[in-house]
file target04.cif (mmCIF, C-alpha atoms and all ligand atoms)
data_run
loop_
_atom_site.label_atom_id
_atom_site.label_comp_id
_atom_site.auth_asym_id
_atom_site.auth_seq_id
_atom_site.Cartn_x
_atom_site.Cartn_y
_atom_site.Cartn_z
CA MET A 191 106.69 89.50 77.25
CA SER A 192 105.11 86.06 77.30
CA HIS A 193 101.66 85.82 78.87
CA ASN A 194 103.09 83.14 81.16
CA LEU A 195 105.75 85.52 82.52
CA THR A 196 104.65 87.46 85.61
CA ARG A 197 105.74 91.03 86.17
CA ARG A 198 108.05 89.88 88.97
CA GLN A 199 109.62 87.15 86.87
CA PHE A 200 110.22 89.73 84.14
CA ILE A 201 111.94 92.07 86.63
CA GLN A 202 114.00 89.19 88.03
CA ALA A 203 115.08 88.12 84.55
CA SER A 204 115.99 91.71 83.65
CA ALA A 205 117.98 92.19 86.87
CA LEU A 206 119.77 88.92 86.30
CA ALA A 207 120.68 89.89 82.76
CA THR A 208 121.92 93.32 83.87
CA GLY A 209 123.87 91.82 86.77
CA GLY A 210 125.42 89.33 84.42
CA LEU A 211 126.68 92.13 82.16
CA LEU A 212 128.05 94.31 84.96
CA LEU A 213 129.48 91.64 87.24
CA PRO A 214 130.55 88.73 85.09
CA ALA A 215 133.03 87.44 87.68
CA VAL A 216 130.54 87.24 90.57
CA THR A 217 128.53 84.06 90.70
CA GLU A 218 126.46 82.46 93.44
CA THR A 219 129.10 79.82 94.03
CA THR A 220 131.85 82.40 94.61
CA LEU A 221 129.92 84.49 97.19
CA ALA A 222 130.73 84.09 100.88
CA ALA A 223 127.84 83.97 103.37
CA ASP A 224 128.54 87.55 104.58
CA GLU A 225 128.44 88.88 101.03
CA ILE A 226 125.20 87.08 100.30
CA ARG A 227 123.53 88.76 103.27
CA LYS A 228 124.30 92.21 101.83
CA ILE A 229 122.51 91.47 98.56
CA PRO A 230 118.89 92.60 98.68
CA LEU A 231 116.95 89.83 96.96
CA HIS A 232 116.78 87.30 94.16
CA LYS A 233 119.81 85.44 95.46
CA LYS A 234 120.35 81.99 96.99
CA ILE A 235 119.07 83.08 100.43
CA GLY A 236 115.67 82.80 98.81
CA GLU A 237 112.46 84.70 99.36
CA ALA A 238 108.93 83.84 100.35
CA HIS A 239 105.56 85.44 99.77
CA THR A 240 103.70 86.41 102.91
CA ILE A 241 101.20 88.93 104.29
CA CYS A 242 102.09 92.00 106.36
CA PRO A 243 101.18 91.33 110.01
CA TYR A 244 100.34 94.90 110.99
CA CYS A 245 97.08 96.39 109.76
CA SER A 246 93.98 95.11 108.00
CA CYS A 247 95.08 96.11 104.47
CA GLY A 248 96.82 92.74 104.07
CA CYS A 249 99.63 93.96 101.82
CA GLY A 250 101.81 91.30 100.22
CA LEU A 251 105.47 91.00 101.21
CA LEU A 252 108.47 89.25 99.72
CA VAL A 253 110.67 88.24 102.63
CA ALA A 254 114.22 86.95 102.39
CA THR A 255 115.78 85.02 105.28
CA ASP A 256 119.24 83.79 106.11
CA GLU A 257 120.20 80.23 107.01
CA LYS A 258 118.99 80.77 110.60
CA GLY A 259 115.58 81.96 109.50
CA HIS A 260 116.29 85.61 110.37
CA ILE A 261 114.76 88.17 108.04
CA THR A 262 117.41 89.90 105.95
CA ASN A 263 115.24 91.86 103.54
CA VAL A 264 111.62 92.86 102.96
CA GLU A 265 110.05 94.23 99.78
CA GLY A 266 106.52 94.80 98.58
CA ASP A 267 105.20 92.00 96.40
CA PRO A 268 104.57 93.47 92.94
CA ASP A 269 102.28 90.55 92.05
CA ASN A 270 99.99 91.10 95.04
CA PRO A 271 96.82 92.91 93.85
CA VAL A 272 96.38 94.66 97.22
CA ASN A 273 99.58 96.73 97.25
CA ARG A 274 101.26 96.00 93.89
CA GLY A 275 104.73 96.24 95.37
CA ILE A 276 104.16 99.28 97.57
CA LEU A 277 104.65 99.17 101.34
CA CYS A 278 104.24 101.64 104.17
CA PRO A 279 107.13 102.21 106.66
CA LYS A 280 105.70 99.76 109.20
CA ALA A 281 106.03 96.81 106.86
CA ILE A 282 109.54 97.80 105.80
CA ALA A 283 110.50 97.46 109.48
CA VAL A 284 108.88 94.05 109.90
CA ASN A 285 112.29 92.46 110.51
CA GLN A 286 112.44 94.40 113.79
CA LEU A 287 109.27 92.64 114.90
CA SER A 288 110.50 89.24 113.77
CA ASN A 289 114.07 89.51 115.05
CA SER A 290 113.38 91.41 118.29
CA PRO A 291 115.08 89.90 121.37
CA LEU A 292 111.93 90.88 123.30
CA ARG A 293 109.76 88.55 121.23
CA LEU A 294 108.42 85.60 123.22
CA GLY A 295 109.41 82.29 121.66
CA LYS A 296 108.16 79.97 124.41
CA VAL A 297 104.88 79.26 126.13
CA ARG A 298 104.47 81.05 129.44
CA TYR A 299 101.61 80.08 131.73
CA ARG A 300 100.28 81.68 134.88
CA ALA A 301 97.93 79.40 136.78
CA PRO A 302 94.78 80.87 138.36
CA GLY A 303 95.79 82.70 141.54
CA ALA A 304 99.52 82.38 140.85
CA THR A 305 101.78 85.43 140.74
CA GLU A 306 104.55 83.99 138.57
CA PHE A 307 104.62 82.65 135.04
CA GLU A 308 105.96 79.15 134.38
CA GLU A 309 107.53 77.98 131.13
CA LYS A 310 105.59 75.20 129.41
CA SER A 311 105.99 73.16 126.24
CA TRP A 312 103.92 73.73 123.11
CA ASP A 313 102.52 70.18 123.44
CA TRP A 314 101.26 71.01 126.93
CA ALA A 315 99.68 74.27 125.74
CA ILE A 316 97.92 72.70 122.75
CA GLU A 317 96.51 69.89 124.90
CA GLN A 318 95.27 72.41 127.48
CA ILE A 319 93.57 74.49 124.83
CA ALA A 320 91.89 71.41 123.32
CA ARG A 321 90.71 70.20 126.74
CA ARG A 322 89.26 73.58 127.68
CA ILE A 323 87.52 74.02 124.34
CA LYS A 324 85.92 70.59 124.69
CA GLN A 325 84.88 71.13 128.31
CA THR A 326 83.40 74.56 127.60
CA ARG A 327 81.58 73.34 124.52
CA ASP A 328 80.18 70.26 126.29
CA GLU A 329 78.90 72.39 129.18
CA SER A 330 77.35 75.11 127.04
CA PHE A 331 76.17 73.42 123.85
CA VAL A 332 72.57 74.23 122.90
CA ARG A 333 70.84 71.98 120.40
CA THR A 334 67.47 73.69 120.06
CA VAL A 335 65.74 76.90 121.13
CA PRO A 336 61.99 77.48 121.32
CA VAL A 337 60.63 79.78 118.63
CA GLY A 338 56.88 80.23 118.90
CA ASP A 339 55.37 76.80 119.36
CA LYS A 340 58.35 74.99 117.80
CA ASN A 341 61.85 73.99 118.80
CA VAL A 342 64.36 75.20 116.22
CA THR A 343 67.69 73.40 115.83
CA VAL A 344 70.64 75.76 116.43
CA ASN A 345 73.57 73.50 117.49
CA ARG A 346 75.58 76.35 118.99
CA THR A 347 77.64 77.49 121.95
CA GLU A 348 77.58 81.06 123.15
CA ALA A 349 80.33 80.45 125.72
CA MET A 350 83.24 80.78 123.30
CA ALA A 351 84.39 83.27 120.70
CA PHE A 352 86.89 82.98 117.86
CA LEU A 353 88.98 85.96 116.76
CA GLY A 354 90.90 86.08 113.49
CA GLY A 355 93.47 88.66 112.48
CA ALA A 356 94.64 90.82 109.60
CA ALA A 357 97.69 88.66 109.04
CA ASN A 358 95.56 85.63 108.19
CA ASN A 359 95.31 85.03 104.46
CA SER A 360 92.17 83.80 102.71
CA GLU A 361 93.10 80.14 103.10
CA ASP A 362 93.80 80.57 106.84
CA CYS A 363 90.47 82.34 107.27
CA TYR A 364 88.57 79.66 105.36
CA LEU A 365 89.97 76.91 107.61
CA ALA A 366 89.48 78.93 110.80
CA THR A 367 85.86 79.65 109.88
CA LYS A 368 85.15 76.00 109.12
CA PHE A 369 86.74 74.98 112.43
CA ALA A 370 84.82 77.55 114.48
CA ARG A 371 81.50 76.78 112.79
CA SER A 372 82.01 73.04 113.28
CA LEU A 373 82.26 73.68 117.04
CA GLY A 374 79.03 75.70 116.95
CA ILE A 375 80.75 79.02 117.66
CA VAL A 376 78.56 81.96 116.66
CA TYR A 377 80.78 84.77 117.92
CA LEU A 378 83.25 84.64 115.04
CA GLU A 379 85.04 87.91 114.39
CA HIS A 380 88.07 89.58 112.88
CA GLN A 381 90.25 92.05 114.71
CA ALA A 382 90.14 94.54 111.85
CA ARG A 383 86.34 94.93 112.30
CA LEU A 384 86.53 95.70 116.02
S1 LIG B 401 102.20 97.53 104.55
FE1 LIG B 401 101.29 99.13 105.85
S2 LIG B 401 99.27 99.46 104.91
FE2 LIG B 401 100.01 97.46 104.17
S3 LIG B 401 99.18 95.92 105.62
FE3 LIG B 401 101.24 96.51 106.34
S4 LIG B 401 100.87 98.14 107.82
FE4 LIG B 401 99.02 97.96 106.59
#

call {"tool": "encode", "arguments": {"input": "target04.cif", "output": "C-alpha cells"}}
result
Amino acid sequence: MSHNLTRRQFIQASALATGGLLLPAVTETTLAADEIRKIPLHKKIGEAHTICPYCSCGCGLLVATDEKGHITNVEGDPDNPVNRGILCPKAIAVNQLSNSPLRLGKVRYRAPGATEFEEKSWDWAIEQIARRIKQTRDESFVRTVPVGDKNVTVNRTEAMAFLGGAANNSEDCYLATKFARSLGIVYLEHQARL
C-alpha cells in the first residue's frame, strides 16, 4: 500500500473492486434514489467526517446523508485516532437525534414575565445575543485591580461565562477561546469538565 493511501481509502478501493467483480451490471448511473438509500456508504449520497455529539470522548463519525440532508447511515471513522472506527451504541443511533420530529428547528423566545414562547427569526436572535453581550460587557468591564500598592491591568468581565461542548472539534474550540478571551471572559469552561 502506498504511503499516500489512507486506511479508509484502501478499504474503499478494495470494496469498490470487490463490488465491481460481484455486481458488474450495477453502476451509480443505473441506481434509483430508493436503491441508493439502502446502500450503506461509499456511494453517490456522499459522506462527511464529523464528531459524535454525545459524550466527551469525541469519537469520529462518517455520516452519509440523502438529498434532503437526512442522515441515512453512520459509521465509525477508521482514520480518527480517538476511536479508530469503533463506536458505542449511542453514536450508531445519532440519526435518531438528527432526524427526530421533536427536534427544535426554529428560535423560540419567552420574554421576561411572559408565559408563552414566541417564534423568532435567527437574525433577531443573533442580534439580541450580540446586544446583550455588549451591554453586559460594557457595564461590567474591569480594566485594573489593586494589588498591593499597584494597579494591575486585568481587562476582564466576571459577569459572563462561556461554555463549550464535547461536540466542538479543536478548530471550533480554538476560535471560541479566542472570541471569549477577546471579550475579557475569564469563566471559560467545557461541559465535559463539569
Ligand atoms: S461514540 Fe460513544 S464513546 Fe464515542 S463520543 Fe460518542 S457517545 Fe462517546

call {"tool": "closest_atom_pairs", "arguments": {"input": "target04.cif", "of": "region 251-343 of chain A", "to": "region 351-360 of chain A", "cutoff": "12 Å", "atoms": "all atoms listed in the file", "output": "JSON lines"}}
result
{"residue": "A:Leu251", "atom": "CA", "partner": "A:Ala357", "partner_atom": "CA", "distance": 11.3}
{"residue": "A:Ala281", "atom": "CA", "partner": "A:Ala357", "partner_atom": "CA", "distance": 11.9}
{"residue": "A:Ile323", "atom": "CA", "partner": "A:Ala351", "partner_atom": "CA", "distance": 10.4}
{"residue": "A:Thr326", "atom": "CA", "partner": "A:Ala351", "partner_atom": "CA", "distance": 11.2}
{"residue": "A:Arg327", "atom": "CA", "partner": "A:Ala351", "partner_atom": "CA", "distance": 11.0}

call {"tool": "closest_atom_pairs", "arguments": {"input": "target04.cif", "of": "chain A", "to": "ligand LIG 401 (chain B)", "cutoff": "12 Å", "atoms": "all atoms listed in the file", "output": "tab-separated table"}}
result
residue	atom	partner	partner_atom	distance
A:Thr240	CA	B:LIG401	S3	10.9
A:Ile241	CA	B:LIG401	S3	7.4
A:Cys242	CA	B:LIG401	FE3	4.6
A:Pro243	CA	B:LIG401	FE3	6.3
A:Tyr244	CA	B:LIG401	S4	4.6
A:Cys245	CA	B:LIG401	FE4	4.0
A:Ser246	CA	B:LIG401	S3	5.8
A:Cys247	CA	B:LIG401	S3	4.3
A:Gly248	CA	B:LIG401	S3	4.3
A:Cys249	CA	B:LIG401	FE2	4.2
A:Gly250	CA	B:LIG401	FE2	7.5
A:Leu251	CA	B:LIG401	S1	8.0
A:Leu252	CA	B:LIG401	S1	11.5
A:Val264	CA	B:LIG401	S1	10.6
A:Glu265	CA	B:LIG401	S1	9.8
A:Gly266	CA	B:LIG401	S1	7.9
A:Asp267	CA	B:LIG401	S1	10.3
A:Asn270	CA	B:LIG401	FE2	11.1
A:Pro271	CA	B:LIG401	FE2	11.7
A:Val272	CA	B:LIG401	FE2	8.3
A:Asn273	CA	B:LIG401	FE2	7.0
A:Arg274	CA	B:LIG401	FE2	10.5
A:Gly275	CA	B:LIG401	S1	9.6
A:Ile276	CA	B:LIG401	S1	7.5
A:Leu277	CA	B:LIG401	S1	4.4
A:Cys278	CA	B:LIG401	FE1	4.2
A:Pro279	CA	B:LIG401	FE1	6.7
A:Lys280	CA	B:LIG401	S4	5.3
A:Ala281	CA	B:LIG401	S1	4.5
A:Ile282	CA	B:LIG401	S1	7.5
A:Ala283	CA	B:LIG401	S1	9.7
A:Val284	CA	B:LIG401	FE3	8.8
A:Gly355	CA	B:LIG401	S3	11.5
A:Ala356	CA	B:LIG401	S3	7.9
A:Ala357	CA	B:LIG401	S3	8.2
A:Asn358	CA	B:LIG401	S3	11.2
A:Asn359	CA	B:LIG401	S3	11.6
A:Ala382	CA	B:LIG401	FE4	10.9

call {"tool": "residues_near_point", "arguments": {"input": "target04.cif", "point": "(103.3, 80.4, 132.5)", "cutoff": "6 Å", "atoms": "only C-alpha atoms", "output": "list in words"}}
result
Arg298, Tyr299, Arg300, Phe307, Glu308 and Glu309 of chain A

call {"tool": "residues_near_point", "arguments": {"input": "target04.cif", "point": "(77.9, 73.1, 114.5)", "cutoff": "7 Å", "atoms": "all atoms listed in the file", "output": "list in words"}}
result
Asn345, Arg346, Arg371, Ser372, Leu373 and Gly374 of chain A

call {"tool": "atom_distance", "arguments": {"input": "target04.cif", "atom1": "CA of Val376 (chain A)", "atom2": "CA of Lys324 (chain A)"}}
result
15.7 Å

call {"tool": "closest_residue", "arguments": {"input": "target04.cif", "among": "A:Ala238, A:Val297, A:Leu378, A:Ala315", "to": "Val253 (chain A)", "atoms": "all atoms listed in the file"}}
result
A:Ala238

call {"tool": "atom_distance", "arguments": {"input": "target04.cif", "atom1": "CA of Ser311 (chain A)", "atom2": "CA of Asn285 (chain A)"}}
result
25.7 Å

call {"tool": "atom_distance", "arguments": {"input": "target04.cif", "atom1": "CA of Gln325 (chain A)", "atom2": "CA of Met350 (chain A)"}}
result
11.0 Å
